[in-house]
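J.: Let me begin by handing over the structure; questions about it come next.
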Amino acid sequence: MKIVLVSPLPPPEGGIATWTLKYKSYCDTHGIELAVVNNALSGRRASSITNERNILDEIGRTKRIIEELKGNIKSIKPDIIHINSSCTTFGVFRDYLLVHIAKKANVKTIIHCRCNIEDQVKLILSKRAFSAMTRAADLTIVLNSLSYDYVRNISDKRVKRIPNFINEAQIVEEPIINENIKEILFVGHIKKTKGANEICEVAKLFPNYHFTLVGPIEDECTSLLWPNNTTLTGAKDASFVAERLKSSDVFLFPSYTEGFSNAIAEAMASGLPIIATDVGANKDMIEEGGGVIVPVGNIDSIVKALNKISNYNTRKRMSSWNVSKVKNYLVDNVMKELLEIYEEVIKG
């Protein structure tokens, strides 16, 4: 099988870029011919996603992506094109163009929405472009049930829900469950839309727990009155995160929006009970057995959840459930499912 994957590669680092590397590694070791068209951020936003979008940078980026896609269609004659779309306003229009380039070349195309769609596709023009893009593609892949329903309501084309990857090496078969909660962990961008304010306030209510937040710190959060039982480490590498996951007791993730959280998947692989908000795939992932789902921005609910899972046996049961569930997200399992989808689409 010959595949063209339109997807970001590092730098900058990010969840989709990491996914791309795992996808590429699988193809390399399984004899699958793959060409990657790198659609990563460029210009000032490549150094920091918080930098203002520059229209000239975006036009240049789009031109490069289109030229690379056309070149790969001509050179390797792919059986299928897989486009990872962040579904941003500008990105939806660009990816719509890419789908039409593929259709003109008579190549089957899959759009893979790497977000919670209704959180990203808000403007009227964006909604129209997104609808046209999904109708033009041969199949749409989404990350969670909310996005699945969204696409089903606007398109008569096929839609599939596929999880992100987890490496087998990340799974901790026998996690250590401490008698009492000592360490609570958050991993991700430390900003308001990831629930930084809520973590700060909850930490003040649990002075006997230590809260560690690992990830780049947005300026908006440096002025928060963080209590003494919190540590903000800044951005760290994967090995640091892995060690923190193994040494923590609870994973707290009160984000305002998600697609399919790699951070939660990695916490599940480490056997951590999860407290997460009811957004994106969070509920699909931990269901009833792996933790507690809370409303967005609700500090009282987080407090109640922490009190609920303070019980040793409860955390032990959740830990075991998460380790078992996360094996569904192993690279080999997800790639097998993806390749089966490719075969179905190619055959029509």
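Residues in the structure tokens are named by chain (A, B, ... in the order shown) and by number from 1 within that chain; ligands are numbered from 1 in the order shown.
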For Asp284 in chain A, please output as a PDB file with C-alpha atoms, in the first residue's frame all residues within 9 Å (counting only C-alpha atoms; exclusion window: fewer than 3 positions along the same chain).
T.:
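As a result, out_24.pdb now contains:
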```pdb
ATOM      1  CA  ASN A 144     -14.700  11.156  20.093  1.00  0.00           C
ATOM      2  CA  SER A 145     -18.417  10.444  20.099  1.00  0.00           C
ATOM      3  CA  GLY A 280     -13.904  15.571  23.981  1.00  0.00           C
ATOM      4  CA  ALA A 281     -13.127  11.877  24.357  1.00  0.00           C
ATOM      5  CA  GLU A 287     -16.034   5.669  31.219  1.00  0.00           C
TER       6      GLU A 287
END
```
J.: According to DSSP computed on the backbone, where in range 256-288 of chain A is there helix (DSSP H, G or I)? Give the residues as a VMD selection string.
T.: chain A and resid 262 to 269 282 to 286
J.: Kindly indicate which residue among A:Tyr148, A:Tyr256, A:Tyr26, A:Phe93 lies nearest to His112 in chain A, using only C-alpha atoms for the distances.
T.: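 For His112 in chain A, the nearest of the given residues is A:Tyr148.
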J.: Per residue of range 167-199 of chain A within 12 Å of range 300-305 of chain A, note the shortest atom pair and the distance in Å to one decimal, counting only C-alpha atoms, and order the rows by chain and increasing residue number, as a Markdown table.
T.:
```
| residue | atom | partner | partner_atom | distance |
| --- | --- | --- | --- | --- |
| A:Gly195 | CA | A:Ile302 | CA | 11.1 |
| A:Glu198 | CA | A:Ile302 | CA | 8.5 |
| A:Ile199 | CA | A:Ile302 | CA | 9.0 |
```
J.: Just the residues within 12 Å of Thr18 in chain A, please, counting only C-alpha atoms, with nothing from its chain fewer than 4 positions along; format it as an mmCIF file with N, CA and C atoms, in the first residue's frame.
T.:
```
data_model
loop_
_atom_site.group_PDB
_atom_site.id
_atom_site.type_symbol
_atom_site.label_atom_id
_atom_site.label_comp_id
_atom_site.auth_asym_id
_atom_site.auth_seq_id
_atom_site.Cartn_x
_atom_site.Cartn_y
_atom_site.Cartn_z
ATOM 1 N N SER A 7 0.428 15.721 7.622
ATOM 2 C CA SER A 7 0.411 15.767 9.083
ATOM 3 C C SER A 7 1.656 16.486 9.578
ATOM 4 N N PRO A 8 1.587 17.140 10.745
ATOM 5 C CA PRO A 8 2.770 17.851 11.246
ATOM 6 C C PRO A 8 3.855 16.920 11.757
ATOM 7 N N LEU A 9 5.085 17.343 11.559
ATOM 8 C CA LEU A 9 6.261 16.703 12.148
ATOM 9 C C LEU A 9 6.935 17.711 13.067
ATOM 10 N N PRO A 10 7.623 17.255 14.109
ATOM 11 C CA PRO A 10 8.367 18.196 14.950
ATOM 12 C C PRO A 10 9.514 18.823 14.154
ATOM 13 N N PRO A 11 9.976 20.037 14.489
ATOM 14 C CA PRO A 11 9.376 20.914 15.488
ATOM 15 C C PRO A 11 8.210 21.699 14.886
ATOM 16 N N PRO A 12 7.351 22.324 15.720
ATOM 17 C CA PRO A 12 7.367 22.214 17.175
ATOM 18 C C PRO A 12 6.789 20.879 17.645
ATOM 19 N N GLU A 13 7.096 20.542 18.902
ATOM 20 C CA GLU A 13 6.545 19.335 19.496
ATOM 21 C C GLU A 13 5.040 19.512 19.703
ATOM 22 N N GLY A 14 4.327 18.429 19.674
ATOM 23 C CA GLY A 14 2.891 18.486 19.904
ATOM 24 C C GLY A 14 2.288 17.106 19.790
ATOM 25 N N LYS A 22 4.973 8.138 15.382
ATOM 26 C CA LYS A 22 4.601 6.750 15.677
ATOM 27 C C LYS A 22 4.017 6.069 14.432
ATOM 28 N N TYR A 23 3.210 6.795 13.702
ATOM 29 C CA TYR A 23 2.623 6.293 12.459
ATOM 30 C C TYR A 23 3.729 5.963 11.458
ATOM 31 N N LYS A 24 4.662 6.888 11.305
ATOM 32 C CA LYS A 24 5.774 6.698 10.364
ATOM 33 C C LYS A 24 6.628 5.499 10.763
ATOM 34 N N SER A 25 6.900 5.364 12.062
ATOM 35 C CA SER A 25 7.705 4.247 12.545
ATOM 36 C C SER A 25 7.026 2.915 12.230
ATOM 37 N N ALA A 40 3.086 21.312 9.544
ATOM 38 C CA ALA A 40 3.324 21.959 10.841
ATOM 39 C C ALA A 40 3.308 23.476 10.706
ATOM 40 N N ASN A 164 -6.276 7.799 19.554
ATOM 41 C CA ASN A 164 -4.855 8.056 19.333
ATOM 42 C C ASN A 164 -4.030 6.861 19.811
ATOM 43 N N PHE A 165 -2.718 6.943 19.565
ATOM 44 C CA PHE A 165 -1.817 5.842 19.906
ATOM 45 C C PHE A 165 -1.295 5.928 21.338
ATOM 46 N N ILE A 166 -0.910 4.762 21.848
ATOM 47 C CA ILE A 166 -0.070 4.681 23.040
ATOM 48 C C ILE A 166 0.971 3.604 22.764
ATOM 49 N N ASN A 167 2.208 3.839 23.173
ATOM 50 C CA ASN A 167 3.256 2.836 22.987
ATOM 51 C C ASN A 167 3.171 1.764 24.066
ATOM 52 N N ALA A 238 9.892 13.713 27.555
ATOM 53 C CA ALA A 238 9.012 12.564 27.788
ATOM 54 C C ALA A 238 9.467 11.699 28.957
ATOM 55 N N ASN A 262 -3.905 12.862 24.660
ATOM 56 C CA ASN A 262 -2.736 12.000 24.814
ATOM 57 C C ASN A 262 -2.285 11.972 26.269
#
```
J.: Under the rule that only C-alpha atoms are counted, which of A:Ala242, A:Ile117, A:Ile111, A:Ile80 is the nearest residue to Ala169 in chain A?
T.: A:Ala242
J.: Residues of range 139-245 of chain A within 12 Å of range 331-345 of chain A: nearest atom pair and distance (Å, one decimal) for each, counting only C-alpha atoms, sorted by chain and number, as JSON lines?
T.:
```
{"residue": "A:Leu139", "atom": "CA", "partner": "A:Val345", "partner_atom": "CA", "distance": 7.4}
{"residue": "A:Thr140", "atom": "CA", "partner": "A:Ile341", "partner_atom": "CA", "distance": 10.5}
{"residue": "A:Ile141", "atom": "CA", "partner": "A:Leu338", "partner_atom": "CA", "distance": 9.6}
{"residue": "A:Lys157", "atom": "CA", "partner": "A:Val345", "partner_atom": "CA", "distance": 11.1}
{"residue": "A:Arg158", "atom": "CA", "partner": "A:Val345", "partner_atom": "CA", "distance": 9.5}
{"residue": "A:Val159", "atom": "CA", "partner": "A:Ile341", "partner_atom": "CA", "distance": 10.3}
{"residue": "A:Lys160", "atom": "CA", "partner": "A:Ile341", "partner_atom": "CA", "distance": 8.7}
{"residue": "A:Arg161", "atom": "CA", "partner": "A:Leu338", "partner_atom": "CA", "distance": 10.4}
{"residue": "A:Ile162", "atom": "CA", "partner": "A:Val334", "partner_atom": "CA", "distance": 7.3}
{"residue": "A:Pro163", "atom": "CA", "partner": "A:Val334", "partner_atom": "CA", "distance": 7.2}
{"residue": "A:Asn164", "atom": "CA", "partner": "A:Val334", "partner_atom": "CA", "distance": 7.6}
{"residue": "A:Phe165", "atom": "CA", "partner": "A:Val331", "partner_atom": "CA", "distance": 5.1}
{"residue": "A:Ile166", "atom": "CA", "partner": "A:Val331", "partner_atom": "CA", "distance": 5.9}
{"residue": "A:Asn167", "atom": "CA", "partner": "A:Val331", "partner_atom": "CA", "distance": 6.0}
{"residue": "A:Glu168", "atom": "CA", "partner": "A:Val331", "partner_atom": "CA", "distance": 7.7}
{"residue": "A:Ala169", "atom": "CA", "partner": "A:Val331", "partner_atom": "CA", "distance": 10.7}
{"residue": "A:Gln170", "atom": "CA", "partner": "A:Val331", "partner_atom": "CA", "distance": 11.3}
```
J.: Just the selected residues (N, CA and C atoms), exported as an mmCIF file, in the first residue's frame, please.
T.:
```cif
data_model
loop_
_atom_site.group_PDB
_atom_site.id
_atom_site.type_symbol
_atom_site.label_atom_id
_atom_site.label_comp_id
_atom_site.auth_asym_id
_atom_site.auth_seq_id
_atom_site.Cartn_x
_atom_site.Cartn_y
_atom_site.Cartn_z
ATOM 1 N N LEU A 139 -13.986 9.497 3.437
ATOM 2 C CA LEU A 139 -14.308 9.073 4.802
ATOM 3 C C LEU A 139 -13.715 10.078 5.776
ATOM 4 N N THR A 140 -14.400 10.279 6.895
ATOM 5 C CA THR A 140 -13.903 11.164 7.949
ATOM 6 C C THR A 140 -13.646 10.350 9.210
ATOM 7 N N ILE A 141 -12.481 10.567 9.811
ATOM 8 C CA ILE A 141 -12.142 9.943 11.091
ATOM 9 C C ILE A 141 -12.216 11.004 12.179
ATOM 10 N N LYS A 157 -21.394 10.931 4.027
ATOM 11 C CA LYS A 157 -20.237 10.068 3.845
ATOM 12 C C LYS A 157 -19.947 9.301 5.132
ATOM 13 N N ARG A 158 -19.137 8.264 4.998
ATOM 14 C CA ARG A 158 -18.811 7.427 6.147
ATOM 15 C C ARG A 158 -17.964 8.177 7.172
ATOM 16 N N VAL A 159 -18.154 7.826 8.439
ATOM 17 C CA VAL A 159 -17.367 8.412 9.525
ATOM 18 C C VAL A 159 -16.990 7.296 10.500
ATOM 19 N N LYS A 160 -15.758 7.343 10.985
ATOM 20 C CA LYS A 160 -15.255 6.354 11.930
ATOM 21 C C LYS A 160 -14.643 7.074 13.130
ATOM 22 N N ARG A 161 -14.751 6.443 14.298
ATOM 23 C CA ARG A 161 -14.108 6.981 15.505
ATOM 24 C C ARG A 161 -12.906 6.111 15.844
ATOM 25 N N ILE A 162 -11.714 6.728 15.842
ATOM 26 C CA ILE A 162 -10.462 6.013 16.073
ATOM 27 C C ILE A 162 -9.681 6.730 17.180
ATOM 28 N N PRO A 163 -9.148 6.004 18.175
ATOM 29 C CA PRO A 163 -8.363 6.653 19.236
ATOM 30 C C PRO A 163 -6.956 6.997 18.783
ATOM 31 N N ASN A 164 -6.276 7.799 19.554
ATOM 32 C CA ASN A 164 -4.855 8.056 19.333
ATOM 33 C C ASN A 164 -4.030 6.861 19.811
ATOM 34 N N PHE A 165 -2.718 6.943 19.565
ATOM 35 C CA PHE A 165 -1.817 5.842 19.906
ATOM 36 C C PHE A 165 -1.295 5.928 21.338
ATOM 37 N N ILE A 166 -0.910 4.762 21.848
ATOM 38 C CA ILE A 166 -0.070 4.681 23.040
ATOM 39 C C ILE A 166 0.971 3.604 22.764
ATOM 40 N N ASN A 167 2.208 3.839 23.173
ATOM 41 C CA ASN A 167 3.256 2.836 22.987
ATOM 42 C C ASN A 167 3.171 1.764 24.066
ATOM 43 N N GLU A 168 3.455 0.539 23.700
ATOM 44 C CA GLU A 168 3.417 -0.563 24.663
ATOM 45 C C GLU A 168 4.391 -0.331 25.811
ATOM 46 N N ALA A 169 5.527 0.318 25.504
ATOM 47 C CA ALA A 169 6.538 0.572 26.538
ATOM 48 C C ALA A 169 6.029 1.525 27.614
ATOM 49 N N GLN A 170 4.974 2.285 27.318
ATOM 50 C CA GLN A 170 4.435 3.239 28.286
ATOM 51 C C GLN A 170 3.507 2.581 29.305
#
```
J.: Of the candidates A:Ala137, A:Ser223, A:Ala267, A:Thr230, which shows the shortest atom-to-atom distance to Val187 in chain A, using only C-alpha atoms?
T.: A:Ala267
J.: Using CA of Ile181 in chain A and CA of Ser310 in chain A as the two end points, give the distance in Å to one decimal.
T.: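 Separation between CA of Ile181 in chain A and CA of Ser310 in chain A: 6.3 Å.
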J.: Which value, in Å to one decimal, gives the distance between CA of Lys194 in chain A and CA of Thr20 in chain A?
T.: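 Between these atoms lies a distance of 23.4 Å.
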J.: In Å, how far is it from CA of His30 in chain A to CA of Lys327 in chain A?
T.: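 Distance reported for this atom pair: 20.3 Å.
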J.: With a distance cut-off of 9 Å and only C-alpha atoms, select the neighbouring residues of Thr134 in chain A, excluding the residue or stretch itself and same-chain residues fewer than 2 positions from it, and output the selection as a compact mmCIF listing (two decimals) with C-alpha atoms, in the first residue's frame.
T.:
```txt
# COMPACT_ATOMS: atom_id res chain seq x y z
CA TYR A 96 -10.71 21.49 1.61
CA ILE A 110 -9.53 10.50 4.37
CA ILE A 111 -9.93 13.54 6.62
CA ALA A 129 -16.16 24.78 4.49
CA PHE A 130 -16.00 21.92 6.98
CA SER A 131 -19.26 20.48 5.71
CA ALA A 132 -18.06 20.70 2.10
CA ALA A 136 -15.86 15.73 -0.62
CA ALA A 137 -13.64 13.29 1.31
CA ASP A 138 -14.26 9.56 1.02
CA LEU A 139 -14.31 9.07 4.80
CA THR A 140 -13.90 11.16 7.95
CA VAL A 151 -20.18 14.74 11.23
CA ILE A 154 -23.86 17.20 8.23
CA SER A 155 -22.52 14.56 5.85
CA ASP A 156 -23.79 11.42 4.16
CA LYS A 157 -20.24 10.07 3.84
```
